[in-house]
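Engineer: The structure file work01.cif (mmCIF, N, CA and C atoms) is provided below.
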```cif
data_input
loop_
_atom_site.label_atom_id
_atom_site.label_comp_id
_atom_site.auth_asym_id
_atom_site.auth_seq_id
_atom_site.Cartn_x
_atom_site.Cartn_y
_atom_site.Cartn_z
N MET A 212 13.38 7.77 14.16
CA MET A 212 12.21 8.61 14.24
C MET A 212 11.19 8.15 13.20
N PRO A 213 10.01 7.70 13.63
CA PRO A 213 8.99 7.23 12.69
C PRO A 213 8.48 8.37 11.80
N GLU A 214 8.12 8.04 10.60
CA GLU A 214 7.58 8.99 9.63
C GLU A 214 6.46 8.29 8.89
N SER A 215 5.38 9.02 8.58
CA SER A 215 4.23 8.46 7.87
C SER A 215 3.81 9.38 6.75
N LEU A 216 3.40 8.79 5.65
CA LEU A 216 2.83 9.52 4.52
C LEU A 216 1.64 8.74 4.01
N GLN A 217 0.63 9.45 3.52
CA GLN A 217 -0.55 8.79 2.99
C GLN A 217 -1.14 9.61 1.87
N GLN A 218 -1.87 8.93 0.99
CA GLN A 218 -2.54 9.63 -0.10
C GLN A 218 -3.75 8.83 -0.55
N PHE A 219 -4.86 9.54 -0.81
CA PHE A 219 -6.06 8.93 -1.37
C PHE A 219 -5.92 8.84 -2.88
N PHE A 220 -6.56 7.82 -3.45
CA PHE A 220 -6.58 7.62 -4.90
C PHE A 220 -7.98 7.23 -5.33
N GLU A 221 -8.37 7.70 -6.51
CA GLU A 221 -9.66 7.29 -7.07
C GLU A 221 -9.59 5.81 -7.41
N ALA A 222 -10.72 5.15 -7.31
CA ALA A 222 -10.78 3.73 -7.62
C ALA A 222 -10.89 3.53 -9.14
N ARG A 223 -9.77 3.84 -9.81
CA ARG A 223 -9.65 3.69 -11.26
C ARG A 223 -8.33 3.01 -11.56
N ARG A 224 -8.26 2.29 -12.64
CA ARG A 224 -7.04 1.56 -13.00
C ARG A 224 -5.82 2.49 -13.10
N GLN A 225 -6.00 3.72 -13.56
CA GLN A 225 -4.90 4.66 -13.70
C GLN A 225 -4.28 5.01 -12.34
N SER A 226 -5.04 4.82 -11.29
CA SER A 226 -4.56 5.16 -9.96
C SER A 226 -3.48 4.21 -9.46
N VAL A 227 -3.42 3.01 -10.01
CA VAL A 227 -2.38 2.06 -9.60
C VAL A 227 -1.00 2.65 -9.89
N HIS A 228 -0.84 3.21 -11.07
CA HIS A 228 0.42 3.85 -11.45
C HIS A 228 0.71 5.04 -10.52
N LYS A 229 -0.31 5.84 -10.23
CA LYS A 229 -0.13 6.99 -9.35
C LYS A 229 0.25 6.55 -7.94
N ALA A 230 -0.32 5.47 -7.46
CA ALA A 230 0.02 4.95 -6.13
C ALA A 230 1.47 4.48 -6.09
N ARG A 231 1.91 3.84 -7.16
CA ARG A 231 3.30 3.39 -7.25
C ARG A 231 4.25 4.60 -7.27
N GLU A 232 3.89 5.64 -8.00
CA GLU A 232 4.71 6.86 -8.03
C GLU A 232 4.76 7.52 -6.65
N PHE A 233 3.64 7.56 -5.94
CA PHE A 233 3.60 8.09 -4.58
C PHE A 233 4.58 7.33 -3.69
N ALA A 234 4.55 6.00 -3.76
CA ALA A 234 5.45 5.18 -2.94
C ALA A 234 6.91 5.44 -3.32
N THR A 235 7.18 5.57 -4.60
CA THR A 235 8.55 5.82 -5.06
C THR A 235 9.06 7.14 -4.50
N ARG A 236 8.24 8.20 -4.57
CA ARG A 236 8.64 9.51 -4.04
C ARG A 236 8.91 9.42 -2.54
N ALA A 237 8.03 8.73 -1.82
CA ALA A 237 8.21 8.60 -0.36
C ALA A 237 9.50 7.85 -0.05
N LEU A 238 9.72 6.73 -0.69
CA LEU A 238 10.90 5.91 -0.41
C LEU A 238 12.18 6.65 -0.80
N ASP A 239 12.15 7.35 -1.94
CA ASP A 239 13.30 8.16 -2.34
C ASP A 239 13.57 9.26 -1.32
N GLY A 240 12.53 9.92 -0.86
CA GLY A 240 12.67 10.99 0.12
C GLY A 240 13.25 10.50 1.43
N TRP A 241 12.95 9.26 1.77
CA TRP A 241 13.48 8.67 2.99
C TRP A 241 14.88 8.08 2.79
N GLY A 242 15.38 8.09 1.55
CA GLY A 242 16.70 7.53 1.27
C GLY A 242 16.73 6.01 1.30
N LEU A 243 15.58 5.39 1.13
CA LEU A 243 15.50 3.93 1.19
C LEU A 243 15.77 3.35 -0.19
N THR A 244 16.73 2.47 -0.28
CA THR A 244 17.03 1.81 -1.55
C THR A 244 16.97 0.29 -1.46
N SER A 245 17.10 -0.25 -0.26
CA SER A 245 17.25 -1.69 -0.12
C SER A 245 16.01 -2.49 -0.49
N ARG A 246 14.81 -1.98 -0.29
CA ARG A 246 13.59 -2.76 -0.55
C ARG A 246 12.63 -2.05 -1.50
N THR A 247 13.10 -1.03 -2.19
CA THR A 247 12.23 -0.20 -3.01
C THR A 247 11.42 -1.02 -4.02
N GLU A 248 12.06 -1.88 -4.77
CA GLU A 248 11.34 -2.62 -5.81
C GLU A 248 10.31 -3.58 -5.22
N ASP A 249 10.64 -4.22 -4.09
CA ASP A 249 9.67 -5.10 -3.42
C ASP A 249 8.44 -4.30 -2.99
N ILE A 250 8.67 -3.15 -2.40
CA ILE A 250 7.57 -2.32 -1.91
C ILE A 250 6.74 -1.79 -3.06
N ARG A 251 7.39 -1.32 -4.11
CA ARG A 251 6.67 -0.80 -5.28
C ARG A 251 5.78 -1.88 -5.90
N LEU A 252 6.30 -3.09 -6.01
CA LEU A 252 5.49 -4.17 -6.58
C LEU A 252 4.29 -4.49 -5.69
N CYS A 253 4.50 -4.49 -4.38
CA CYS A 253 3.39 -4.75 -3.46
C CYS A 253 2.36 -3.63 -3.50
N VAL A 254 2.80 -2.38 -3.63
CA VAL A 254 1.86 -1.27 -3.80
C VAL A 254 1.01 -1.52 -5.05
N SER A 255 1.64 -1.90 -6.14
CA SER A 255 0.90 -2.17 -7.37
C SER A 255 -0.14 -3.27 -7.18
N GLU A 256 0.27 -4.35 -6.56
CA GLU A 256 -0.65 -5.48 -6.37
C GLU A 256 -1.81 -5.12 -5.46
N LEU A 257 -1.51 -4.47 -4.33
CA LEU A 257 -2.57 -4.14 -3.38
C LEU A 257 -3.48 -3.03 -3.89
N ALA A 258 -2.93 -2.07 -4.61
CA ALA A 258 -3.76 -1.02 -5.21
C ALA A 258 -4.66 -1.61 -6.30
N THR A 259 -4.13 -2.53 -7.08
CA THR A 259 -4.95 -3.21 -8.10
C THR A 259 -6.09 -3.96 -7.44
N ASN A 260 -5.81 -4.66 -6.36
CA ASN A 260 -6.87 -5.37 -5.65
C ASN A 260 -7.92 -4.40 -5.10
N ALA A 261 -7.47 -3.26 -4.60
CA ALA A 261 -8.42 -2.26 -4.09
C ALA A 261 -9.33 -1.77 -5.21
N VAL A 262 -8.77 -1.49 -6.37
CA VAL A 262 -9.55 -0.99 -7.50
C VAL A 262 -10.52 -2.07 -7.99
N LEU A 263 -10.04 -3.29 -8.16
CA LEU A 263 -10.86 -4.34 -8.76
C LEU A 263 -11.84 -5.00 -7.80
N HIS A 264 -11.45 -5.13 -6.54
CA HIS A 264 -12.26 -5.94 -5.62
C HIS A 264 -12.64 -5.23 -4.32
N GLY A 265 -11.89 -4.23 -3.88
CA GLY A 265 -12.04 -3.74 -2.52
C GLY A 265 -12.74 -2.42 -2.34
N THR A 266 -13.01 -1.70 -3.40
CA THR A 266 -13.55 -0.36 -3.24
C THR A 266 -14.98 -0.30 -3.75
N ALA A 267 -15.89 0.08 -2.86
CA ALA A 267 -17.30 0.22 -3.22
C ALA A 267 -17.47 1.44 -4.13
N ARG A 268 -18.50 1.40 -4.96
CA ARG A 268 -18.78 2.50 -5.89
C ARG A 268 -18.86 3.82 -5.13
N GLY A 269 -18.19 4.84 -5.65
CA GLY A 269 -18.21 6.15 -5.04
C GLY A 269 -17.18 6.35 -3.94
N HIS A 270 -16.35 5.35 -3.68
CA HIS A 270 -15.33 5.45 -2.63
C HIS A 270 -13.94 5.40 -3.26
N ASP A 271 -12.99 5.99 -2.57
CA ASP A 271 -11.59 5.97 -2.98
C ASP A 271 -10.86 4.94 -2.13
N PHE A 272 -9.57 4.77 -2.39
CA PHE A 272 -8.74 3.94 -1.51
C PHE A 272 -7.55 4.77 -1.07
N LEU A 273 -6.94 4.34 0.03
CA LEU A 273 -5.84 5.08 0.63
C LEU A 273 -4.60 4.20 0.67
N VAL A 274 -3.46 4.79 0.32
CA VAL A 274 -2.16 4.11 0.49
C VAL A 274 -1.42 4.88 1.57
N ARG A 275 -0.93 4.14 2.56
CA ARG A 275 -0.18 4.74 3.66
C ARG A 275 1.14 4.00 3.80
N LEU A 276 2.21 4.77 3.99
CA LEU A 276 3.54 4.22 4.23
C LEU A 276 4.07 4.78 5.54
N ASP A 277 4.59 3.90 6.38
CA ASP A 277 5.23 4.29 7.63
C ASP A 277 6.63 3.70 7.63
N ILE A 278 7.59 4.48 8.13
CA ILE A 278 8.95 3.97 8.24
C ILE A 278 9.45 4.25 9.66
N ASP A 279 10.17 3.30 10.21
CA ASP A 279 10.85 3.52 11.49
C ASP A 279 12.26 2.97 11.36
N ASP A 280 12.91 2.72 12.45
CA ASP A 280 14.31 2.33 12.42
C ASP A 280 14.61 1.04 11.68
N ASN A 281 13.65 0.14 11.55
CA ASN A 281 13.98 -1.14 10.90
C ASN A 281 12.90 -1.69 10.00
N CYS A 282 11.87 -0.90 9.69
CA CYS A 282 10.77 -1.46 8.92
C CYS A 282 10.02 -0.38 8.15
N VAL A 283 9.56 -0.75 6.95
CA VAL A 283 8.58 0.06 6.22
C VAL A 283 7.28 -0.72 6.26
N ARG A 284 6.21 -0.05 6.67
CA ARG A 284 4.89 -0.67 6.71
C ARG A 284 4.05 -0.03 5.61
N LEU A 285 3.51 -0.86 4.75
CA LEU A 285 2.61 -0.45 3.68
C LEU A 285 1.20 -0.85 4.08
N GLU A 286 0.27 0.08 3.94
CA GLU A 286 -1.14 -0.21 4.17
C GLU A 286 -1.94 0.28 2.98
N VAL A 287 -2.91 -0.51 2.56
CA VAL A 287 -3.90 -0.08 1.57
C VAL A 287 -5.26 -0.24 2.22
N HIS A 288 -5.96 0.89 2.35
CA HIS A 288 -7.27 0.94 2.98
C HIS A 288 -8.32 0.98 1.88
N ASP A 289 -9.33 0.12 1.97
CA ASP A 289 -10.43 0.18 1.01
C ASP A 289 -11.76 0.15 1.74
N SER A 290 -12.86 0.08 1.01
CA SER A 290 -14.18 0.28 1.62
C SER A 290 -15.03 -0.98 1.71
N ARG A 291 -14.51 -2.13 1.36
CA ARG A 291 -15.27 -3.37 1.47
C ARG A 291 -14.66 -4.28 2.52
N ARG A 292 -15.50 -4.94 3.28
CA ARG A 292 -15.04 -5.85 4.33
C ARG A 292 -14.66 -7.23 3.80
N GLN A 293 -15.03 -7.53 2.59
CA GLN A 293 -14.74 -8.86 2.03
C GLN A 293 -13.24 -9.14 2.13
N GLN A 294 -12.91 -10.25 2.80
CA GLN A 294 -11.51 -10.61 3.03
C GLN A 294 -10.89 -11.18 1.75
N PRO A 295 -9.68 -10.77 1.43
CA PRO A 295 -9.01 -11.32 0.25
C PRO A 295 -8.58 -12.76 0.50
N VAL A 296 -8.44 -13.50 -0.57
CA VAL A 296 -8.06 -14.91 -0.49
C VAL A 296 -6.82 -15.11 -1.33
N VAL A 297 -5.82 -15.76 -0.75
CA VAL A 297 -4.63 -16.13 -1.51
C VAL A 297 -5.03 -17.30 -2.39
N ARG A 298 -4.85 -17.14 -3.69
CA ARG A 298 -5.26 -18.16 -4.64
C ARG A 298 -4.05 -18.94 -5.14
N GLU A 299 -4.32 -20.08 -5.69
CA GLU A 299 -3.31 -20.87 -6.38
C GLU A 299 -3.74 -20.99 -7.83
N PRO A 300 -3.43 -19.97 -8.62
CA PRO A 300 -3.90 -19.99 -10.02
C PRO A 300 -3.16 -21.04 -10.84
N ALA A 301 -3.84 -21.49 -11.87
CA ALA A 301 -3.21 -22.40 -12.83
C ALA A 301 -2.12 -21.65 -13.57
N ILE A 302 -1.18 -22.37 -14.09
CA ILE A 302 -0.06 -21.73 -14.80
C ILE A 302 -0.53 -20.91 -16.00
N THR A 303 -1.70 -21.22 -16.54
CA THR A 303 -2.23 -20.49 -17.69
C THR A 303 -3.08 -19.29 -17.30
N ASP A 304 -3.41 -19.14 -16.01
CA ASP A 304 -4.20 -17.98 -15.56
C ASP A 304 -3.38 -16.71 -15.69
N ILE A 305 -4.04 -15.63 -16.09
CA ILE A 305 -3.33 -14.36 -16.27
C ILE A 305 -3.47 -13.45 -15.06
N SER A 306 -4.19 -13.88 -14.04
CA SER A 306 -4.33 -13.08 -12.82
C SER A 306 -4.43 -14.02 -11.62
N GLY A 307 -4.52 -13.42 -10.42
CA GLY A 307 -4.69 -14.21 -9.22
C GLY A 307 -3.44 -14.47 -8.42
N ARG A 308 -2.34 -13.77 -8.74
CA ARG A 308 -1.07 -13.99 -8.04
C ARG A 308 -0.67 -12.86 -7.11
N GLY A 309 -1.50 -11.81 -7.00
CA GLY A 309 -1.13 -10.62 -6.26
C GLY A 309 -0.77 -10.87 -4.81
N LEU A 310 -1.65 -11.54 -4.06
CA LEU A 310 -1.36 -11.78 -2.65
C LEU A 310 -0.23 -12.79 -2.46
N THR A 311 -0.07 -13.69 -3.40
CA THR A 311 1.06 -14.61 -3.34
C THR A 311 2.37 -13.82 -3.46
N LEU A 312 2.40 -12.83 -4.34
CA LEU A 312 3.58 -11.97 -4.47
C LEU A 312 3.81 -11.15 -3.21
N VAL A 313 2.75 -10.59 -2.65
CA VAL A 313 2.88 -9.81 -1.41
C VAL A 313 3.45 -10.68 -0.30
N ALA A 314 2.94 -11.90 -0.17
CA ALA A 314 3.43 -12.82 0.86
C ALA A 314 4.90 -13.18 0.64
N ALA A 315 5.29 -13.34 -0.62
CA ALA A 315 6.67 -13.72 -0.93
C ALA A 315 7.65 -12.56 -0.75
N LEU A 316 7.24 -11.34 -1.05
CA LEU A 316 8.16 -10.21 -1.04
C LEU A 316 8.24 -9.49 0.31
N SER A 317 7.19 -9.58 1.11
CA SER A 317 7.20 -8.88 2.40
C SER A 317 7.65 -9.82 3.50
N ASP A 318 8.05 -9.23 4.62
CA ASP A 318 8.45 -10.03 5.78
C ASP A 318 7.24 -10.49 6.59
N GLU A 319 6.17 -9.72 6.54
CA GLU A 319 4.90 -10.06 7.19
C GLU A 319 3.80 -9.37 6.41
N TRP A 320 2.59 -9.92 6.48
CA TRP A 320 1.45 -9.23 5.90
C TRP A 320 0.18 -9.75 6.56
N GLY A 321 -0.89 -8.99 6.42
CA GLY A 321 -2.16 -9.42 6.99
C GLY A 321 -3.28 -8.48 6.60
N VAL A 322 -4.45 -8.76 7.17
CA VAL A 322 -5.66 -7.99 6.88
C VAL A 322 -6.37 -7.72 8.20
N ARG A 323 -6.91 -6.52 8.35
CA ARG A 323 -7.74 -6.23 9.51
C ARG A 323 -8.89 -5.33 9.08
N ASP A 324 -9.97 -5.40 9.84
CA ASP A 324 -11.14 -4.58 9.56
C ASP A 324 -10.86 -3.13 9.89
N ARG A 325 -11.55 -2.24 9.18
CA ARG A 325 -11.50 -0.80 9.45
C ARG A 325 -12.83 -0.39 10.05
N THR A 326 -12.80 0.66 10.83
CA THR A 326 -14.03 1.23 11.36
C THR A 326 -14.22 2.58 10.70
N PRO A 327 -15.34 2.88 10.15
CA PRO A 327 -16.62 2.21 10.26
C PRO A 327 -16.86 1.14 9.20
N LEU A 328 -16.06 1.13 8.14
CA LEU A 328 -16.26 0.12 7.10
C LEU A 328 -14.95 -0.16 6.39
N GLY A 329 -14.91 -1.27 5.71
CA GLY A 329 -13.75 -1.61 4.90
C GLY A 329 -12.72 -2.44 5.64
N LYS A 330 -11.55 -2.48 5.02
CA LYS A 330 -10.44 -3.26 5.58
C LYS A 330 -9.13 -2.58 5.25
N ILE A 331 -8.09 -3.04 5.93
CA ILE A 331 -6.73 -2.60 5.68
C ILE A 331 -5.91 -3.83 5.39
N ILE A 332 -5.26 -3.85 4.24
CA ILE A 332 -4.30 -4.90 3.94
C ILE A 332 -2.93 -4.28 4.15
N TRP A 333 -2.13 -4.90 4.99
CA TRP A 333 -0.84 -4.33 5.36
C TRP A 333 0.29 -5.33 5.08
N SER A 334 1.46 -4.77 4.90
CA SER A 334 2.66 -5.60 4.76
C SER A 334 3.84 -4.82 5.32
N CYS A 335 4.81 -5.55 5.88
CA CYS A 335 6.00 -4.95 6.47
C CYS A 335 7.25 -5.44 5.75
N PHE A 336 8.21 -4.54 5.62
CA PHE A 336 9.46 -4.82 4.93
C PHE A 336 10.60 -4.38 5.83
N LYS A 337 11.39 -5.32 6.29
CA LYS A 337 12.56 -4.96 7.09
C LYS A 337 13.55 -4.23 6.20
N THR A 338 14.20 -3.21 6.77
CA THR A 338 15.11 -2.38 5.98
C THR A 338 16.51 -2.44 6.55
N ALA A 339 17.46 -2.03 5.72
CA ALA A 339 18.85 -1.93 6.17
C ALA A 339 18.96 -0.78 7.16
N ASP A 340 19.81 -0.92 8.15
CA ASP A 340 19.96 0.10 9.19
C ASP A 340 20.30 1.48 8.62
N ASP A 341 21.17 1.53 7.62
CA ASP A 341 21.60 2.82 7.10
C ASP A 341 20.47 3.57 6.41
N ALA A 342 19.53 2.87 5.77
CA ALA A 342 18.43 3.53 5.09
C ALA A 342 17.50 4.21 6.09
N ALA A 343 17.16 3.52 7.16
CA ALA A 343 16.23 4.07 8.13
C ALA A 343 16.83 5.27 8.86
N GLN A 344 18.14 5.35 8.97
CA GLN A 344 18.76 6.45 9.68
C GLN A 344 18.81 7.72 8.84
N SER A 345 18.57 7.63 7.54
CA SER A 345 18.65 8.81 6.69
C SER A 345 17.28 9.42 6.39
N ILE A 346 16.29 9.14 7.22
CA ILE A 346 14.95 9.65 6.99
C ILE A 346 14.96 11.17 7.03
N SER A 347 14.33 11.76 6.01
CA SER A 347 14.21 13.22 6.01
C SER A 347 13.06 13.62 6.92
N PRO A 348 13.03 14.87 7.39
CA PRO A 348 11.99 15.29 8.30
C PRO A 348 10.60 15.23 7.70
N HIS A 349 10.44 15.53 6.40
CA HIS A 349 9.11 15.46 5.79
C HIS A 349 9.25 15.41 4.29
N VAL A 350 8.51 14.50 3.68
CA VAL A 350 8.42 14.43 2.23
C VAL A 350 7.08 15.02 1.87
N PRO A 351 7.03 15.97 0.94
CA PRO A 351 5.75 16.59 0.60
C PRO A 351 4.73 15.54 0.21
N ASN A 352 3.55 15.67 0.77
CA ASN A 352 2.44 14.77 0.47
C ASN A 352 1.35 15.62 -0.14
N HIS A 353 0.87 15.21 -1.27
CA HIS A 353 -0.12 16.00 -1.98
C HIS A 353 -1.51 15.86 -1.37
N ASP A 354 -1.65 15.01 -0.37
CA ASP A 354 -2.97 14.78 0.20
C ASP A 354 -2.82 14.47 1.68
N ASP A 355 -2.86 15.46 2.52
CA ASP A 355 -2.68 15.28 3.95
C ASP A 355 -3.99 15.13 4.70
N ARG A 356 -5.03 14.64 4.00
CA ARG A 356 -6.32 14.45 4.67
C ARG A 356 -6.19 13.35 5.72
N PRO A 357 -7.01 13.39 6.77
CA PRO A 357 -6.99 12.33 7.78
C PRO A 357 -7.47 11.02 7.20
N LEU A 358 -7.15 9.92 7.86
CA LEU A 358 -7.58 8.61 7.42
C LEU A 358 -9.10 8.53 7.48
N GLU A 359 -9.71 8.30 6.35
CA GLU A 359 -11.14 8.11 6.28
C GLU A 359 -11.45 7.45 4.96
N VAL A 360 -12.53 6.74 4.91
CA VAL A 360 -12.98 6.16 3.65
C VAL A 360 -13.97 7.12 3.05
N ARG A 361 -13.74 7.47 1.81
CA ARG A 361 -14.66 8.39 1.14
C ARG A 361 -15.53 7.62 0.18
#
```
Now that the file is in, can you turn its structure into structure tokens?
Structural biologist:
Amino acid sequence: MPESLQQFFEARRQSVHKAREFATRALDGWGLTSRTEDIRLCVSELATNAVLHGTARGHDFLVRLDIDDNCVRLEVHDSRRQQPVVREPAITDISGRGLTLVAALSDEWGVRDRTPLGKIIWSCFKTADDAAQSISPHVPNHDDRPLEVR
């Protein structure tokens, strides 16, 4: 049985931690343990990108998690159409590895445009059969607003 949770976050650096906590609560509520750290790290990287590069002034970003029988899908919605670029940073660079990590840790990932504006960066994580079967009926979500860019 598919289940979805989503939450909006302010485009501030402190929101990256809050987005990671949201993902942790959702994954714990679903009884998922097999890919939790991979998903949490990808939430951090994609939320950081949304804050630094993807969110126009005055807009928030959205983190959405969907789970079904064999996959967790992570989406980060932001308000800019500018497509992210996977970089090859020098060994001395202190940033620029986020999408490389997402590509390495997820089973699939990509980017698509949002209507009316922005983009969605998504990644999928295959899960162990036993984790997906223990999905609870609903994990409390502090923000049940519909998908929209604010």
Engineer: Leaving out Gln218 in chain A and any residue of its chain fewer than 5 positions from it, which residues lie within 6 Å of it when counting all atoms listed in the file, given as number ranges by chain?
Structural biologist: A: 272-275, 354
Engineer: Please tabulate, as a Markdown table, the residues of range 250-286 of chain A that come within 7 Å of range 224-229 of chain A, each with its closest pair of atoms and the distance in Å to one decimal, counting only C-alpha atoms and ordering rows by chain, then residue number upward.
Structural biologist:
```
| residue | atom | partner | partner_atom | distance |
| --- | --- | --- | --- | --- |
| A:Ser255 | CA | A:Val227 | CA | 5.8 |
| A:Ala258 | CA | A:Val227 | CA | 5.5 |
| A:Thr259 | CA | A:Val227 | CA | 6.1 |
| A:Val262 | CA | A:Arg224 | CA | 6.6 |
```
Engineer: Taking all atoms listed in the file into account, name the residue in A:Leu243, A:Asp318, A:Ala222, A:Thr266 that is nearest to Arg292 in chain A.
Structural biologist: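 So, comparing all the options, the nearest one is A:Thr266.
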Engineer: Dump as a PDB file with N, CA and C atoms, in the frame of the given file all residues having an atom at most 7 Å from (6.7, -8.4, -5.8), computed in the file's coordinates with only C-alpha atoms.
Structural biologist:
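For reference, out.pdb as written:
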```pdb
ATOM      1  N   ASP A 249      10.640  -4.220  -4.090  1.00  0.00           N
ATOM      2  CA  ASP A 249       9.670  -5.100  -3.420  1.00  0.00           C
ATOM      3  C   ASP A 249       8.440  -4.300  -2.990  1.00  0.00           C
ATOM      4  N   LEU A 252       6.300  -3.090  -6.010  1.00  0.00           N
ATOM      5  CA  LEU A 252       5.490  -4.170  -6.580  1.00  0.00           C
ATOM      6  C   LEU A 252       4.290  -4.490  -5.690  1.00  0.00           C
ATOM      7  N   CYS A 253       4.500  -4.490  -4.380  1.00  0.00           N
ATOM      8  CA  CYS A 253       3.390  -4.750  -3.460  1.00  0.00           C
ATOM      9  C   CYS A 253       2.360  -3.630  -3.500  1.00  0.00           C
ATOM     10  N   LEU A 312       2.400 -12.830  -4.340  1.00  0.00           N
ATOM     11  CA  LEU A 312       3.580 -11.970  -4.470  1.00  0.00           C
ATOM     12  C   LEU A 312       3.810 -11.150  -3.210  1.00  0.00           C
ATOM     13  N   VAL A 313       2.750 -10.590  -2.650  1.00  0.00           N
ATOM     14  CA  VAL A 313       2.880  -9.810  -1.410  1.00  0.00           C
ATOM     15  C   VAL A 313       3.450 -10.680  -0.300  1.00  0.00           C
ATOM     16  N   LEU A 316       7.240 -11.340  -1.050  1.00  0.00           N
ATOM     17  CA  LEU A 316       8.160 -10.210  -1.040  1.00  0.00           C
ATOM     18  C   LEU A 316       8.240  -9.490   0.310  1.00  0.00           C
TER      19      LEU A 316
END
```
Engineer: Could you jot down the CA of Asn260 in chain A to atom N of Gly329 in chain A separation for me, Å, one decimal place?
Structural biologist: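 Separating CA of Asn260 in chain A from atom N of Gly329 in chain A is a distance of 14.5 Å.
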Engineer: Quick one: pull the distance between CA of Val254 in chain A and CA of Ala267 in chain A, Å, one decimal.
Structural biologist: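 One can read the CA of Val254 in chain A to CA of Ala267 in chain A distance as 19.2 Å.
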Engineer: What would the list of residues within 7 Å of (15.3, -6.3, 10.2) (file frame) look like as a PyMOL selection string, if only C-alpha atoms are what count?
Structural biologist: chain A and resi 281-282+337-339
Engineer: Quote the spacing between CA of Arg236 in chain A and atom C of Asp277 in chain A in Å to one decimal place.
Structural biologist: 13.2 Å
Engineer: For Thr311 in chain A, which residue among A:Gln217, A:Arg298, A:Ile278, A:Gly269 is the nearest when counting only N, CA and C atoms?
Structural biologist: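 That would be A:Arg298, the residue with the smallest distance to Thr311 in chain A.
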Engineer: Which of chain A end up as helix (DSSP H, G or I) when DSSP is run on this backbone - answer as a count of residues only?
Structural biologist: 48
Engineer: Of the candidates A:Ala234, A:Leu276, A:Leu263, A:Leu285, which one gets nearest to Glu214 in chain A if we count all atoms listed in the file?
Structural biologist: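 Comparing A:Ala234, A:Leu276, A:Leu263, A:Leu285 against Glu214 in chain A, the winner is A:Leu276.
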Engineer: DSSP on the backbone: what in range 262-355 of chain A comes out strand (DSSP E), as a compact mmCIF listing (two decimals) with N, CA and C atoms, in the coordinates of the input?
Structural biologist:
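What follows is the written file selection_24.txt:
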```txt
# COMPACT_ATOMS: atom_id res chain seq x y z
N PHE A 272 -9.57 4.77 -2.39
CA PHE A 272 -8.74 3.94 -1.51
C PHE A 272 -7.55 4.77 -1.07
N LEU A 273 -6.94 4.34 0.03
CA LEU A 273 -5.84 5.08 0.63
C LEU A 273 -4.60 4.20 0.67
N VAL A 274 -3.46 4.79 0.32
CA VAL A 274 -2.16 4.11 0.49
C VAL A 274 -1.42 4.88 1.57
N ARG A 275 -0.93 4.14 2.56
CA ARG A 275 -0.18 4.74 3.66
C ARG A 275 1.14 4.00 3.80
N LEU A 276 2.21 4.77 3.99
CA LEU A 276 3.54 4.22 4.23
C LEU A 276 4.07 4.78 5.54
N ASP A 277 4.59 3.90 6.38
CA ASP A 277 5.23 4.29 7.63
C ASP A 277 6.63 3.70 7.63
N ILE A 278 7.59 4.48 8.13
CA ILE A 278 8.95 3.97 8.24
C ILE A 278 9.45 4.25 9.66
N CYS A 282 11.87 -0.90 9.69
CA CYS A 282 10.77 -1.46 8.92
C CYS A 282 10.02 -0.38 8.15
N VAL A 283 9.56 -0.75 6.95
CA VAL A 283 8.58 0.06 6.22
C VAL A 283 7.28 -0.72 6.26
N ARG A 284 6.21 -0.05 6.67
CA ARG A 284 4.89 -0.67 6.71
C ARG A 284 4.05 -0.03 5.61
N LEU A 285 3.51 -0.86 4.75
CA LEU A 285 2.61 -0.45 3.68
C LEU A 285 1.20 -0.85 4.08
N GLU A 286 0.27 0.08 3.94
CA GLU A 286 -1.14 -0.21 4.17
C GLU A 286 -1.94 0.28 2.98
N VAL A 287 -2.91 -0.51 2.56
CA VAL A 287 -3.90 -0.08 1.57
C VAL A 287 -5.26 -0.24 2.22
N HIS A 288 -5.96 0.89 2.35
CA HIS A 288 -7.27 0.94 2.98
C HIS A 288 -8.32 0.98 1.88
N ASP A 289 -9.33 0.12 1.97
CA ASP A 289 -10.43 0.18 1.01
C ASP A 289 -11.76 0.15 1.74
N GLU A 319 6.17 -9.72 6.54
CA GLU A 319 4.90 -10.06 7.19
C GLU A 319 3.80 -9.37 6.41
N TRP A 320 2.59 -9.92 6.48
CA TRP A 320 1.45 -9.23 5.90
C TRP A 320 0.18 -9.75 6.56
N GLY A 321 -0.89 -8.99 6.42
CA GLY A 321 -2.16 -9.42 6.99
C GLY A 321 -3.28 -8.48 6.60
N VAL A 322 -4.45 -8.76 7.17
CA VAL A 322 -5.66 -7.99 6.88
C VAL A 322 -6.37 -7.72 8.20
N ARG A 323 -6.91 -6.52 8.35
CA ARG A 323 -7.74 -6.23 9.51
C ARG A 323 -8.89 -5.33 9.08
N ASP A 324 -9.97 -5.40 9.84
CA ASP A 324 -11.14 -4.58 9.56
C ASP A 324 -10.86 -3.13 9.89
N LYS A 330 -11.55 -2.48 5.02
CA LYS A 330 -10.44 -3.26 5.58
C LYS A 330 -9.13 -2.58 5.25
N ILE A 331 -8.09 -3.04 5.93
CA ILE A 331 -6.73 -2.60 5.68
C ILE A 331 -5.91 -3.83 5.39
N ILE A 332 -5.26 -3.85 4.24
CA ILE A 332 -4.30 -4.90 3.94
C ILE A 332 -2.93 -4.28 4.15
N TRP A 333 -2.13 -4.90 4.99
CA TRP A 333 -0.84 -4.33 5.36
C TRP A 333 0.29 -5.33 5.08
N SER A 334 1.46 -4.77 4.90
CA SER A 334 2.66 -5.60 4.76
C SER A 334 3.84 -4.82 5.32
N CYS A 335 4.81 -5.55 5.88
CA CYS A 335 6.00 -4.95 6.47
C CYS A 335 7.25 -5.44 5.75
N PHE A 336 8.21 -4.54 5.62
CA PHE A 336 9.46 -4.82 4.93
C PHE A 336 10.60 -4.38 5.83
N LYS A 337 11.39 -5.32 6.29
CA LYS A 337 12.56 -4.96 7.09
C LYS A 337 13.55 -4.23 6.20
```
